[in-house]
Each structure stands twice: as structure tokens, then as C-alpha cells.
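Undergrad: Contents of entry06.cif (mmCIF, C-alpha atoms) are below:
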data_entry
loop_
_atom_site.group_PDB
_atom_site.id
_atom_site.type_symbol
_atom_site.label_atom_id
_atom_site.label_comp_id
_atom_site.auth_asym_id
_atom_site.auth_seq_id
_atom_site.Cartn_x
_atom_site.Cartn_y
_atom_site.Cartn_z
ATOM 1 C CA MET A 1 0.000 0.000 0.000
ATOM 2 C CA ALA A 2 1.437 3.343 -1.093
ATOM 3 C CA GLY A 3 0.547 5.105 2.137
ATOM 4 C CA PHE A 4 -2.837 5.611 3.764
ATOM 5 C CA HIS A 5 -5.153 7.060 1.140
ATOM 6 C CA VAL A 6 -8.927 7.374 1.093
ATOM 7 C CA MET A 7 -10.060 10.455 -0.783
ATOM 8 C CA ALA A 8 -8.044 9.671 -3.927
ATOM 9 C CA ASP A 9 -5.955 6.828 -5.314
ATOM 10 C CA ALA A 10 -2.437 5.886 -4.198
ATOM 11 C CA TYR A 11 -0.978 8.646 -6.385
ATOM 12 C CA GLY A 12 -3.299 11.382 -5.122
ATOM 13 C CA MET A 13 -5.255 11.374 -8.393
ATOM 14 C CA HIS A 14 -9.034 11.594 -8.643
ATOM 15 C CA VAL A 15 -9.858 8.805 -11.090
ATOM 16 C CA LYS A 16 -13.112 8.917 -13.022
ATOM 17 C CA PRO A 17 -13.833 5.474 -14.542
ATOM 18 C CA ALA A 18 -16.111 5.503 -17.588
ATOM 19 C CA VAL A 19 -19.544 3.922 -17.173
ATOM 20 C CA ARG A 20 -21.639 2.147 -19.773
ATOM 21 C CA ARG A 21 -25.349 1.991 -20.451
ATOM 22 C CA ILE A 22 -26.766 -1.473 -19.821
ATOM 23 C CA THR A 23 -30.024 -3.275 -20.577
ATOM 24 C CA THR A 24 -32.394 -5.385 -18.522
ATOM 25 C CA ALA A 25 -30.862 -8.432 -20.202
ATOM 26 C CA ASP A 26 -27.534 -7.489 -18.605
ATOM 27 C CA LEU A 27 -29.133 -7.685 -15.157
ATOM 28 C CA TRP A 28 -30.425 -11.200 -15.747
ATOM 29 C CA ASP A 29 -27.063 -12.187 -17.196
ATOM 30 C CA ALA A 30 -25.303 -10.841 -14.083
ATOM 31 C CA LEU A 31 -27.618 -12.976 -11.904
ATOM 32 C CA ARG A 32 -26.937 -15.995 -14.112
ATOM 33 C CA LEU A 33 -23.183 -15.508 -13.833
ATOM 34 C CA GLY A 34 -23.519 -15.000 -10.080
ATOM 35 C CA ALA A 35 -25.353 -18.310 -9.795
ATOM 36 C CA GLU A 36 -22.600 -19.983 -11.835
ATOM 37 C CA ASP A 37 -19.963 -18.628 -9.457
ATOM 38 C CA PHE A 38 -21.997 -19.919 -6.527
ATOM 39 C CA TRP A 39 -22.422 -23.417 -7.948
ATOM 40 C CA GLU A 40 -18.693 -23.623 -8.751
ATOM 41 C CA LYS A 41 -18.110 -24.548 -5.084
ATOM 42 C CA PRO A 42 -21.435 -24.118 -3.300
ATOM 43 C CA SER A 43 -20.310 -25.740 -0.043
ATOM 44 C CA HIS A 44 -17.735 -23.002 0.474
ATOM 45 C CA TYR A 45 -20.164 -20.234 -0.348
ATOM 46 C CA VAL A 46 -22.957 -21.671 1.753
ATOM 47 C CA PHE A 47 -20.450 -21.586 4.627
ATOM 48 C CA LEU A 48 -19.935 -17.891 3.986
ATOM 49 C CA GLY A 49 -23.669 -17.333 3.633
ATOM 50 C CA LEU A 50 -24.319 -19.036 6.955
ATOM 51 C CA ILE A 51 -22.410 -16.203 8.615
ATOM 52 C CA TYR A 52 -25.207 -13.849 7.575
ATOM 53 C CA THR A 53 -27.856 -16.344 8.648
ATOM 54 C CA VAL A 54 -26.360 -16.653 12.135
ATOM 55 C CA VAL A 55 -26.021 -12.878 12.431
ATOM 56 C CA GLY A 56 -29.644 -12.470 11.396
ATOM 57 C CA LEU A 57 -30.849 -14.937 14.003
ATOM 58 C CA ILE A 58 -28.748 -13.260 16.697
ATOM 59 C CA LEU A 59 -30.142 -9.842 15.801
ATOM 60 C CA THR A 60 -33.704 -11.161 15.839
ATOM 61 C CA GLN A 61 -33.199 -12.875 19.191
ATOM 62 C CA TRP A 62 -31.644 -9.714 20.591
ATOM 63 C CA SER A 63 -34.509 -7.532 19.485
ATOM 64 C CA SER A 64 -37.151 -9.960 20.789
ATOM 65 C CA GLY A 65 -35.356 -10.531 24.087
ATOM 66 C CA SER A 66 -34.973 -6.807 24.598
ATOM 67 C CA ASN A 67 -38.716 -6.176 24.182
ATOM 68 C CA ALA A 68 -37.920 -4.618 20.817
ATOM 69 C CA ILE A 69 -40.200 -6.700 18.628
ATOM 70 C CA GLN A 70 -40.931 -3.592 16.580
ATOM 71 C CA LEU A 71 -37.326 -3.636 15.361
ATOM 72 C CA VAL A 72 -37.391 -7.158 13.899
ATOM 73 C CA TYR A 73 -38.619 -6.005 10.483
ATOM 74 C CA PRO A 74 -36.209 -3.014 10.335
ATOM 75 C CA LEU A 75 -33.356 -5.388 11.213
ATOM 76 C CA MET A 76 -34.382 -7.818 8.478
ATOM 77 C CA SER A 77 -34.782 -5.111 5.856
ATOM 78 C CA GLY A 78 -31.550 -3.513 7.057
ATOM 79 C CA PHE A 79 -29.621 -6.366 5.414
ATOM 80 C CA ALA A 80 -30.160 -4.511 2.136
ATOM 81 C CA LEU A 81 -28.262 -1.532 3.571
ATOM 82 C CA VAL A 82 -25.183 -3.381 4.837
ATOM 83 C CA GLY A 83 -25.307 -6.109 2.184
ATOM 84 C CA PRO A 84 -22.847 -4.419 -0.227
ATOM 85 C CA PHE A 85 -20.175 -4.423 2.485
ATOM 86 C CA ALA A 86 -21.094 -7.836 3.939
ATOM 87 C CA ALA A 87 -20.626 -9.449 0.526
ATOM 88 C CA ILE A 88 -17.173 -8.020 -0.149
ATOM 89 C CA GLY A 89 -15.467 -11.393 0.313
ATOM 90 C CA LEU A 90 -17.729 -12.807 -2.386
ATOM 91 C CA TYR A 91 -16.664 -10.083 -4.821
ATOM 92 C CA GLU A 92 -13.093 -11.170 -4.175
ATOM 93 C CA ILE A 93 -13.951 -14.795 -4.984
ATOM 94 C CA SER A 94 -15.565 -13.754 -8.278
ATOM 95 C CA ARG A 95 -12.570 -11.553 -9.099
ATOM 96 C CA ARG A 96 -10.191 -14.448 -8.519
ATOM 97 C CA ARG A 97 -12.309 -16.849 -10.572
ATOM 98 C CA GLU A 98 -12.344 -14.340 -13.433
ATOM 99 C CA LEU A 99 -8.538 -14.241 -13.338
ATOM 100 C CA GLY A 100 -8.260 -18.037 -13.193
ATOM 101 C CA MET A 101 -6.876 -17.968 -9.643
ATOM 102 C CA ASN A 102 -7.579 -20.285 -6.705
ATOM 103 C CA THR A 103 -11.120 -19.675 -5.409
ATOM 104 C CA ASN A 104 -10.948 -21.507 -2.095
ATOM 105 C CA TRP A 105 -13.293 -19.792 0.374
ATOM 106 C CA ARG A 106 -10.314 -18.766 2.513
ATOM 107 C CA HIS A 107 -9.363 -16.301 -0.222
ATOM 108 C CA ALA A 108 -12.470 -14.282 0.658
ATOM 109 C CA LEU A 109 -10.338 -13.011 3.533
ATOM 110 C CA ASP A 110 -7.669 -11.726 1.150
ATOM 111 C CA VAL A 111 -9.561 -8.438 1.101
ATOM 112 C CA ARG A 112 -7.618 -7.494 4.238
ATOM 113 C CA ARG A 113 -4.494 -7.211 2.046
ATOM 114 C CA SER A 114 -6.129 -5.008 -0.576
ATOM 115 C CA PRO A 115 -4.368 -1.659 -1.129
ATOM 116 C CA ALA A 116 -7.855 -0.096 -1.134
ATOM 117 C CA LEU A 117 -8.640 -1.386 2.369
ATOM 118 C CA PRO A 118 -8.800 2.124 3.959
ATOM 119 C CA SER A 119 -11.317 3.247 1.330
ATOM 120 C CA ILE A 120 -13.299 0.030 1.735
ATOM 121 C CA ALA A 121 -13.371 0.553 5.496
ATOM 122 C CA VAL A 122 -14.554 4.162 5.156
ATOM 123 C CA ILE A 123 -17.501 3.221 2.935
ATOM 124 C CA GLY A 124 -18.253 0.273 5.222
ATOM 125 C CA VAL A 125 -18.451 2.639 8.200
ATOM 126 C CA MET A 126 -20.751 4.891 6.164
ATOM 127 C CA LEU A 127 -23.109 1.965 5.503
ATOM 128 C CA PHE A 128 -23.087 0.910 9.143
ATOM 129 C CA ALA A 129 -23.916 4.487 10.168
ATOM 130 C CA LEU A 130 -26.826 4.486 7.705
ATOM 131 C CA PHE A 131 -27.976 1.156 9.140
ATOM 132 C CA LEU A 132 -27.996 2.572 12.684
ATOM 133 C CA LEU A 133 -29.752 5.724 11.467
ATOM 134 C CA TRP A 134 -32.388 3.549 9.796
ATOM 135 C CA LEU A 135 -33.007 1.653 13.051
ATOM 136 C CA TYR A 136 -33.253 4.955 14.939
ATOM 137 C CA THR A 137 -35.703 6.280 12.336
ATOM 138 C CA ALA A 138 -37.848 3.144 12.516
ATOM 139 C CA GLN A 139 -37.906 3.283 16.314
ATOM 140 C CA SER A 140 -38.777 6.992 16.245
ATOM 141 C CA ILE A 141 -41.720 6.347 13.912
ATOM 142 C CA TYR A 142 -43.004 3.635 16.248
ATOM 143 C CA THR A 143 -42.609 5.641 19.469
ATOM 144 C CA GLY A 144 -44.067 8.740 17.832
ATOM 145 C CA LEU A 145 -47.330 6.856 17.276
ATOM 146 C CA PHE A 146 -47.433 4.189 19.994
ATOM 147 C CA GLY A 147 -45.336 5.787 22.724
ATOM 148 C CA ASP A 148 -42.293 4.488 24.573
ATOM 149 C CA SER A 149 -43.935 1.295 25.876
ATOM 150 C CA PRO A 150 -42.757 -1.831 23.997
ATOM 151 C CA PRO A 151 -45.337 -4.194 22.450
ATOM 152 C CA ALA A 152 -46.936 -6.555 24.978
ATOM 153 C CA SER A 153 -46.430 -9.553 22.677
ATOM 154 C CA VAL A 154 -45.833 -10.494 19.066
ATOM 155 C CA GLY A 155 -49.536 -11.151 18.566
ATOM 156 C CA ALA A 156 -50.551 -7.814 20.051
ATOM 157 C CA PHE A 157 -47.954 -5.998 17.948
ATOM 158 C CA VAL A 158 -49.132 -7.609 14.697
ATOM 159 C CA ARG A 159 -52.761 -6.936 15.591
ATOM 160 C CA ASP A 160 -52.048 -3.263 16.304
ATOM 161 C CA LEU A 161 -50.166 -2.920 13.028
ATOM 162 C CA LEU A 162 -52.843 -4.482 10.842
ATOM 163 C CA THR A 163 -56.069 -3.358 12.509
ATOM 164 C CA THR A 164 -55.454 0.211 13.688
ATOM 165 C CA GLY A 165 -54.909 3.526 11.962
ATOM 166 C CA LYS A 166 -51.678 4.028 13.877
ATOM 167 C CA GLY A 167 -50.460 0.644 12.716
ATOM 168 C CA TRP A 168 -51.082 1.428 9.059
ATOM 169 C CA THR A 169 -49.360 4.778 9.517
ATOM 170 C CA VAL A 170 -46.308 2.984 10.936
ATOM 171 C CA ILE A 171 -46.289 0.653 7.938
ATOM 172 C CA LEU A 172 -46.585 3.473 5.399
ATOM 173 C CA LEU A 173 -44.078 5.819 7.031
ATOM 174 C CA GLY A 174 -41.645 3.014 7.820
ATOM 175 C CA ASN A 175 -41.600 1.689 4.280
ATOM 176 C CA ALA A 176 -41.320 5.204 2.847
ATOM 177 C CA ALA A 177 -38.325 5.934 5.085
ATOM 178 C CA GLY A 178 -36.800 2.554 4.259
ATOM 179 C CA PHE A 179 -37.180 3.291 0.556
ATOM 180 C CA VAL A 180 -35.227 6.547 0.958
ATOM 181 C CA PHE A 181 -32.401 4.764 2.789
ATOM 182 C CA ALA A 182 -32.321 2.013 0.148
ATOM 183 C CA VAL A 183 -32.102 4.548 -2.691
ATOM 184 C CA VAL A 184 -29.208 6.343 -0.976
ATOM 185 C CA VAL A 185 -27.278 3.089 -0.506
ATOM 186 C CA LEU A 186 -27.991 1.908 -4.060
ATOM 187 C CA ALA A 187 -26.915 5.222 -5.571
ATOM 188 C CA THR A 188 -23.669 5.437 -3.606
ATOM 189 C CA THR A 189 -22.455 1.842 -3.367
ATOM 190 C CA VAL A 190 -24.053 -0.297 -6.086
ATOM 191 C CA ILE A 191 -20.631 -0.994 -7.628
ATOM 192 C CA ALA A 192 -18.324 0.862 -5.191
ATOM 193 C CA PHE A 193 -16.810 -2.166 -3.448
ATOM 194 C CA PRO A 194 -16.154 -4.248 -6.601
ATOM 195 C CA LEU A 195 -14.537 -1.165 -8.148
ATOM 196 C CA LEU A 196 -12.242 -0.699 -5.148
ATOM 197 C CA LEU A 197 -11.209 -4.356 -5.220
ATOM 198 C CA ASP A 198 -10.475 -4.108 -8.921
ATOM 199 C CA ARG A 199 -8.879 -0.640 -8.874
ATOM 200 C CA ASP A 200 -7.658 1.406 -5.936
ATOM 201 C CA VAL A 201 -9.414 4.596 -7.009
ATOM 202 C CA GLY A 202 -10.290 5.953 -3.550
ATOM 203 C CA ALA A 203 -13.585 6.120 -1.693
ATOM 204 C CA VAL A 204 -14.781 9.376 -3.268
ATOM 205 C CA SER A 205 -14.271 8.114 -6.803
ATOM 206 C CA ALA A 206 -15.933 4.771 -5.979
ATOM 207 C CA ILE A 207 -19.036 6.513 -4.597
ATOM 208 C CA GLU A 208 -19.098 9.000 -7.469
ATOM 209 C CA THR A 209 -18.795 6.214 -10.058
ATOM 210 C CA SER A 210 -21.694 4.342 -8.444
ATOM 211 C CA ALA A 211 -23.793 7.507 -8.624
ATOM 212 C CA ARG A 212 -22.903 8.045 -12.291
ATOM 213 C CA ALA A 213 -23.737 4.398 -13.059
ATOM 214 C CA VAL A 214 -27.184 4.866 -11.507
ATOM 215 C CA MET A 215 -27.796 8.148 -13.354
ATOM 216 C CA ALA A 216 -26.764 6.534 -16.648
ATOM 217 C CA ASN A 217 -29.035 3.528 -16.055
ATOM 218 C CA PRO A 218 -31.892 4.707 -13.789
ATOM 219 C CA LEU A 219 -34.494 2.123 -14.800
ATOM 220 C CA GLN A 220 -32.071 -0.793 -14.836
ATOM 221 C CA MET A 221 -30.592 0.136 -11.459
ATOM 222 C CA ALA A 222 -34.068 0.605 -9.980
ATOM 223 C CA LEU A 223 -34.949 -2.893 -11.190
ATOM 224 C CA TRP A 224 -31.686 -4.214 -9.744
ATOM 225 C CA GLY A 225 -32.490 -2.671 -6.373
ATOM 226 C CA LEU A 226 -35.970 -4.210 -6.488
ATOM 227 C CA LEU A 227 -34.543 -7.634 -7.348
ATOM 228 C CA VAL A 228 -32.079 -7.427 -4.458
ATOM 229 C CA ALA A 229 -34.798 -6.375 -2.017
ATOM 230 C CA VAL A 230 -37.211 -9.122 -3.114
ATOM 231 C CA LEU A 231 -34.557 -11.845 -2.990
ATOM 232 C CA LEU A 232 -33.355 -10.719 0.448
ATOM 233 C CA VAL A 233 -36.925 -10.797 1.779
ATOM 234 C CA ILE A 234 -37.451 -14.280 0.333
ATOM 235 C CA GLY A 235 -34.162 -15.421 1.863
ATOM 236 C CA SER A 236 -35.069 -13.942 5.246
ATOM 237 C CA ILE A 237 -38.523 -15.473 5.607
ATOM 238 C CA PRO A 238 -37.528 -19.037 6.637
ATOM 239 C CA LEU A 239 -35.579 -17.894 9.732
ATOM 240 C CA PHE A 240 -32.954 -16.237 7.502
ATOM 241 C CA ALA A 241 -31.864 -19.677 6.222
ATOM 242 C CA GLY A 242 -32.384 -18.681 2.597
ATOM 243 C CA LEU A 243 -29.729 -15.992 2.940
ATOM 244 C CA ALA A 244 -27.140 -18.788 2.884
ATOM 245 C CA VAL A 245 -27.915 -19.087 -0.835
ATOM 246 C CA VAL A 246 -29.326 -15.668 -1.722
ATOM 247 C CA MET A 247 -26.446 -13.609 -0.309
ATOM 248 C CA PRO A 248 -23.658 -15.447 -2.164
ATOM 249 C CA ILE A 249 -25.526 -15.356 -5.481
ATOM 250 C CA LEU A 250 -26.251 -11.633 -5.119
ATOM 251 C CA GLY A 251 -22.664 -10.972 -4.075
ATOM 252 C CA HIS A 252 -21.229 -12.716 -7.104
ATOM 253 C CA ALA A 253 -23.854 -11.153 -9.379
ATOM 254 C CA THR A 254 -22.875 -7.687 -8.155
ATOM 255 C CA TRP A 255 -19.311 -8.291 -9.313
ATOM 256 C CA HIS A 256 -20.568 -9.200 -12.788
ATOM 257 C CA LEU A 257 -22.887 -6.181 -12.788
ATOM 258 C CA TYR A 258 -19.828 -4.036 -12.071
ATOM 259 C CA ARG A 259 -18.028 -5.560 -15.038
ATOM 260 C CA LYS A 260 -20.964 -4.731 -17.298
ATOM 261 C CA VAL A 261 -21.385 -1.156 -16.052
ATOM 262 C CA VAL A 262 -17.795 0.110 -15.706
ATOM 263 C CA GLU A 263 -15.358 0.282 -18.600
ATOM 264 C CA PRO A 264 -12.089 -1.648 -18.061
ATOM 265 C CA ALA A 265 -9.117 0.375 -16.868
ATOM 266 C CA GLN A 266 -7.000 1.848 -19.614
ATOM 267 C CA ILE A 267 -3.418 0.603 -19.511
ATOM 268 C CA ARG A 268 -1.051 3.518 -19.642
ATOM 269 C CA PRO A 269 1.935 2.950 -21.951
ATOM 270 C CA ILE A 270 5.319 3.135 -20.280
ATOM 271 C CA ARG A 271 7.574 5.735 -21.833
ATOM 272 C CA ARG A 272 11.112 4.564 -22.064
ATOM 273 C CA PRO A 273 14.029 6.975 -22.406
ATOM 274 C CA MET A 274 15.413 7.290 -25.911
#
When written as C-alpha cells, how does the structure in this file appear?

TA:
Amino acid sequence: MAGFHVMADAYGMHVKPAVRRITTADLWDALRLGAEDFWEKPSHYVFLGLIYTVVGLILTQWSSGSNAIQLVYPLMSGFALVGPFAAIGLYEISRRRELGMNTNWRHALDVRRSPALPSIAVIGVMLFALFLLWLYTAQSIYTGLFGDSPPASVGAFVRDLLTTGKGWTVILLGNAAGFVFAVVVLATTVIAFPLLLDRDVGAVSAIETSARAVMANPLQMALWGLLVAVLLVIGSIPLFAGLAVVMPILGHATWHLYRKVVEPAQIRPIRRPM
């Protein structure tokens, strides 16, 4: 690593990778390629996916045991906010497979040796802060309508949500707020982490390139965000067990989406003295 650098690349330059326009077919192809990466060695990737499953169960148990049943859904949906960072090891596996390198699951930990690690860490902290802000927002919406008292039981909480005006207001406001958070994360990190693993361009450039990719492909990126959200919900329903498959496939697919959206780096010719 050429020094600690975050705002720009190792040479202090602000790199601006070119982005392409993609089609809906490219999204499905990225998912197909992600599934192929997963099935290459599914036992290894299921092992990685189980990490997210265990974390999900722990978070759910924590919220229920702390009389915070109202936070179970925000915690589940919050996976979409931290997912880009949580899947970074899977991007590394796809990168190595693309280069014909060893793809043993242990290489997912090679990210710690990436020259872009400081930039990766900064964006990861940003996502975690957004995740905490989302939980605070969800809790504030609940307490603003139902007060500080926690739900008496799961049954009572569900009944209040579905049969009262306050409950429907919580659902509408909560999902509206969640949508805003999801759009912010999609626009700033949709391809930021794969870009940093591929090229040490700095955190600012990675976020900016993600934003330009979304602006260049608004409909396709909106569909991608919807696909991610739907698949994460499906994976979360059976006690988070489905995330052991959904998360790896989405992680690998995101790498291939990055390859379709961002132009390859231009190799600068080396000038030799005459």
C-alpha cells in the first residue's frame, strides 16, 4: 500500500472510470453468472452465507429478548443496507475466478491485504452508520405513534399494526423511510466495493462512479435494487436460512454487474528513455 489514502488513489489522483449503459438483459445475465460462481463450489459459499444467517438470528433474538419486537422487520430489511459491504469477500472470490486464480473460500479473507482497504473501510463505516440511522428512524416512527412502551407480545404488535390507523401509519411511514435509505445506498455503493477491489481509485471516486452508473441507467438500477430487495426478503422469511444461498448469489452477481457497467481500466503505456 502506497501510504494511507482514502479520498483519492495511491498517487493522489481523482480517477473517473467511464460507465456504460446497460439493458435489462444485462441484469439477468449478471444474476446468471452469479449463480454460476456460486455453484462452482457451493459448499464453500454456503459456509460464507451461513455467517449472515447466524447474524440475522442473533439480531432477531436480541430484538425480541430486549422487548424490541418492533425492530425485527427493520433489522431484516436492514440487510439490504449493509449487504454491499457484507458481501465483499464474495466479490473477491468472483474476481479471482475471473482471473483463473484459486477460489478456495479462505481467499475471501484476502480483502484485508487489498491496497484499497482504507477506502473500503470508510464506505463500510458509512453503511453501518446508515444502518444505525435507519433503526433509529424506525424506532422513532413507532414511538411517535405508539409511545415508549414496547409491544406486549408479538400477537398484540401484529394486531395493532394491521387493525389500527396508527399501525397502518407505521407501515406506510416506515416503508417510505426505508425506501429513501435504500435509494441512498444503491446510488452510492451499487458498484463501489467491486470497483475498489479491482482498482484502488479511492472512496470518493468509488461513490461518485456508483452515482454516475445509476444516473446513466436509472431504470435498470431501480430494477436491480428491487430484485435485491425481493430476494433478500425471500431469503429472510424461513428464519434467515435462505440468505445462505441468496447472499452469495447476489454478491457474485454484483461483481458481474460491475463488469458490465464500468469500462475496463485503460493501460497507460510506459515511456522509455530514448

Undergrad: CA of Val19 (chain A) and CA of Glu263 (chain A), how far apart in Å?

TA: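 Result for CA of Glu263 (chain A) versus CA of Val19 (chain A): 5.7 Å, one decimal.
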
Undergrad: Identify which of the residues A:Met126, A:Val72, A:Val261, A:Val246 lies closest to Pro42 (chain A), counting all atoms listed in the file when measuring atom-to-atom distances.

TA: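 For Pro42 (chain A), the nearest of the candidates is A:Val246.
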
Undergrad: Pick out the residues sitting within 7 Å of Ser205 (chain A), and hand them over as a ChimeraX atom specification; count only C-alpha atoms, and ignore anything fewer than 5 positions along from it in its own chain.

TA: /A:14-16

Undergrad: Once the PyMOL selection byres ((chain A and resi 139) around 12) has been applied to the shown file, what residues remain in the selection, as a ChimeraX atom specification?

TA: /A:63,68-75,132-138,140-150,170,173-174,177

Undergrad: Taking all atoms of region 248-256 of chain A that the file lists and extending 6 Å past them on each side, where is the centre of the axis-aligned box and how long are its edges? Answer in Å to one decimal, as lines of an AutoDock Vina configuration file.

TA:
center_x = -22.8
center_y = -11.6
center_z = -7.5
size_x = 18.9
size_y = 19.8
size_z = 22.6

Undergrad: Which residue, A:Gly78, A:Pro151, A:Leu195, A:Thr163, has the smallest gap to His256 (chain A) when you use only C-alpha atoms?

TA: A:Leu195

Undergrad: For Gly83 (chain A), which of A:Ile237, A:Leu250, A:Ala156, A:Leu33 is the closest residue, counting all atoms listed in the file?

TA: A:Leu250

Undergrad: Could you give me, as a PyMOL selection string, the residues within 8 Å of Ile191 (chain A), counting only C-alpha atoms and dropping anything in the same chain fewer than 5 positions from it?

TA: chain A and resi 206+209-210+254-255+257-258

Undergrad: For region 93-97 of chain A, list every protein, DNA or RNA residue within 7 Å, evaluated using all atoms listed in the file, and leave out those in the same chain fewer than 4 positions away; present the list as a list in words.

TA: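 The residues that qualify are Asp37, Gly89, Met101, Asn102, Thr103, His107, Ala108, His252 and Trp255 of chain A.
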
Undergrad: Considering all atoms listed in the file, state which residue in the set A:Ile123, A:Ile22, A:Ile88, A:Ile171 is at the smallest distance from Asn217 (chain A).

TA: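 Among A:Ile123, A:Ile22, A:Ile88, A:Ile171, it is A:Ile22 that comes nearest to Asn217 (chain A).
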
Undergrad: One decimal, in Å: what's the spacing between CA of Lys41 (chain A) and CA of Ala241 (chain A)?

TA: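 The value is 18.5 Å.
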
Undergrad: From the set A:Gly167, A:Gly251, A:Gly155, A:Pro115, which residue has the shortest atom-to-atom contact distance to Val82 (chain A), counting all atoms listed in the file?

TA: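 Result for the nearest residue to Val82 (chain A): A:Gly251.
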